[in-house]
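Structure below is query_30.cif: mmCIF, C-alpha atoms and all ligand atoms.
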data_start
loop_
_atom_site.label_atom_id
_atom_site.label_comp_id
_atom_site.auth_asym_id
_atom_site.auth_seq_id
_atom_site.Cartn_x
_atom_site.Cartn_y
_atom_site.Cartn_z
CA MET A 88 74.48 97.20 80.53
CA SER A 89 73.75 95.99 83.99
CA LEU A 90 72.77 96.70 87.53
CA VAL A 91 75.56 98.69 89.18
CA GLU A 92 75.79 98.75 92.97
CA THR A 93 77.75 101.40 94.85
CA VAL A 94 78.05 101.38 98.65
CA SER A 95 79.43 104.16 100.81
CA ALA A 96 82.63 103.37 102.65
CA ASN A 97 80.85 103.23 106.00
CA GLY A 98 78.14 100.99 104.55
CA GLN A 99 75.39 103.44 105.45
CA PHE A 100 73.99 104.04 101.98
CA LYS A 101 73.76 102.03 98.79
CA LEU A 102 72.80 103.16 95.30
CA LEU A 103 71.65 100.79 92.61
CA VAL A 104 71.69 102.01 89.01
CA HIS A 105 69.91 99.94 86.42
CA GLU A 106 71.93 101.10 83.46
CA THR A 107 69.66 99.46 80.93
CA TRP A 108 66.80 101.68 82.05
CA CYS A 109 68.75 104.95 82.27
CA LYS A 110 67.99 107.17 79.30
CA GLY A 111 70.55 109.80 80.20
CA CYS A 112 68.08 112.58 80.95
CA ARG A 113 70.29 113.89 83.81
CA ILE A 114 67.32 114.78 86.01
CA CYS A 115 68.88 112.96 88.95
CA VAL A 116 72.22 114.68 88.41
CA ASP A 117 70.63 118.11 88.40
CA LEU A 118 68.48 117.43 91.47
CA CYS A 119 70.99 115.60 93.66
CA PRO A 120 71.83 118.07 96.45
CA THR A 121 75.22 116.56 97.17
CA LYS A 122 76.70 116.11 93.66
CA THR A 123 76.96 112.37 94.18
CA LEU A 124 75.96 111.64 90.59
CA ALA A 125 77.35 112.67 87.22
CA MET A 126 76.68 112.06 83.57
CA VAL A 127 79.47 110.32 81.72
CA GLU A 128 79.90 109.70 78.01
CA SER A 129 78.70 106.34 76.82
CA PRO A 130 79.24 106.09 73.06
CA ASP A 131 77.56 102.71 72.80
CA ARG A 132 74.24 104.25 73.76
CA TRP A 133 72.15 106.34 71.43
CA GLU A 134 71.63 108.92 74.18
CA GLY A 135 75.39 109.39 74.34
CA SER A 136 75.62 109.47 78.12
CA ILE A 137 74.62 107.59 81.24
CA VAL A 138 74.46 108.33 84.94
CA LYS A 139 77.31 107.17 87.17
CA VAL A 140 77.91 107.37 90.89
CA THR A 141 81.07 109.43 91.07
CA ASN A 142 81.08 110.72 94.65
CA MET A 143 79.40 108.09 96.80
CA GLU A 144 80.79 109.44 100.05
CA ALA A 145 78.74 112.60 99.58
CA CYS A 146 75.40 110.76 99.34
CA ASN A 147 73.05 111.53 102.23
CA GLY A 148 70.41 108.97 101.28
CA CYS A 149 67.75 111.61 100.66
CA GLY A 150 66.08 109.53 97.95
CA ILE A 151 65.48 112.43 95.55
CA CYS A 152 67.16 110.64 92.67
CA GLU A 153 64.97 107.59 93.09
CA ALA A 154 61.82 109.65 93.49
CA GLU A 155 62.45 111.82 90.44
CA CYS A 156 63.89 109.36 87.95
CA PRO A 157 61.14 108.86 85.37
CA ASP A 158 62.47 105.44 84.44
CA PHE A 159 62.94 103.82 87.84
CA ALA A 160 66.60 103.42 86.98
CA ILE A 161 68.07 104.35 90.36
CA SER A 162 67.31 103.09 93.85
CA VAL A 163 68.57 104.24 97.24
CA PHE A 164 68.96 102.08 100.30
CA ALA A 165 69.96 102.95 103.83
CA GLU A 166 71.57 100.52 106.20
CA GLY A 167 68.94 98.24 107.67
CA LYS A 168 66.16 99.68 105.54
CA SER A 169 64.73 98.74 102.18
CA LYS A 170 63.78 102.26 101.13
CA PRO A 171 65.37 105.72 101.17
CA ALA A 172 66.55 106.98 104.50
CA ALA A 173 64.85 110.35 104.65
CA GLY A 174 61.54 109.71 102.96
CA GLY A 175 62.54 111.35 99.70
CA ALA A 176 60.51 108.88 97.68
CA ALA A 177 56.79 109.34 97.28
S1 LIG B 201 66.93 110.44 86.16
FE1 LIG B 201 66.96 108.24 85.74
S2 LIG B 201 66.97 108.08 83.51
FE2 LIG B 201 67.54 110.18 84.03
S3 LIG B 201 69.81 110.16 84.10
FE3 LIG B 201 69.08 109.76 86.18
S4 LIG B 201 68.99 107.51 86.38
FE4 LIG B 201 69.12 108.01 84.18
S1 LIG B 202 70.08 109.71 97.58
FE1 LIG B 202 70.11 111.97 97.50
S2 LIG B 202 72.25 112.51 97.87
FE2 LIG B 202 72.21 110.33 97.33
S3 LIG B 202 72.56 110.30 95.10
FE3 LIG B 202 70.34 110.31 95.43
S4 LIG B 202 69.76 112.48 95.34
FE4 LIG B 202 71.98 112.38 95.66
#
Please lay out the structure from this file as structure tokens.
Amino acid sequence: MSLVETVSANGQFKLLVHETWCKGCRICVDLCPTKTLAMVESPDRWEGSIVKVTNMEACNGCGICEAECPDFAISVFAEGKSKPAAGGAA
């Protein structure tokens, strides 16, 4: 498992998923307002699934996923900024 980086086509937003830390709880998937994230099967993990960025172009950089992930497994970056674009994080 590793750190997976996904950047929107226009370069505006970037998501970093630390797969080692993701426990597959799907909180971020359920809370993401734009359906950018999804759970996918991962048989090599005891949880059975892991989060993946499946629709990056929909991401609006709100930061909810980063703010709500209990395991600090996902981070959101906006172009030219080091933290979420819309102040979604605490
Ligand atoms: S909230 Fe965090 S731990 Fe839970 S599925 Fe999303 S990235 Fe993984
Ligand atoms: S930053 Fe917002 S829109 Fe983008 S994946 Fe996270 S919760 Fe979804």
### Task
Residues within 9 Å of ligand LIG 201 (chain B) should be enumerated using all atoms listed in the file and returned as a VMD selection string.
chain A and resid 104 to 106 108 to 118 124 to 126 136 to 139 152 to 162
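With a cut-off of 7 Å and using all atoms listed in the file, the polymer residues contacting ligand LIG 202 (chain B) are Cys115, Leu118, Cys119, Pro120, Thr121, Lys122, Thr123, Leu124, Ala145, Cys146, Asn147, Gly148, Cys149, Gly150, Ile151, Cys152, Glu153 and Val163 of chain A.
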### Between CA of Ser95 (chain A) and CA of Ala165 (chain A), distance in Å (one decimal)
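Between CA of Ser95 (chain A) and CA of Ala165 (chain A) the gap is 10.0 Å.
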### Task
Would you mind reading off the distance between CA of Val91 (chain A) and CA of Met143 (chain A), one decimal, in Å?
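Separation between CA of Val91 (chain A) and CA of Met143 (chain A): 12.7 Å.
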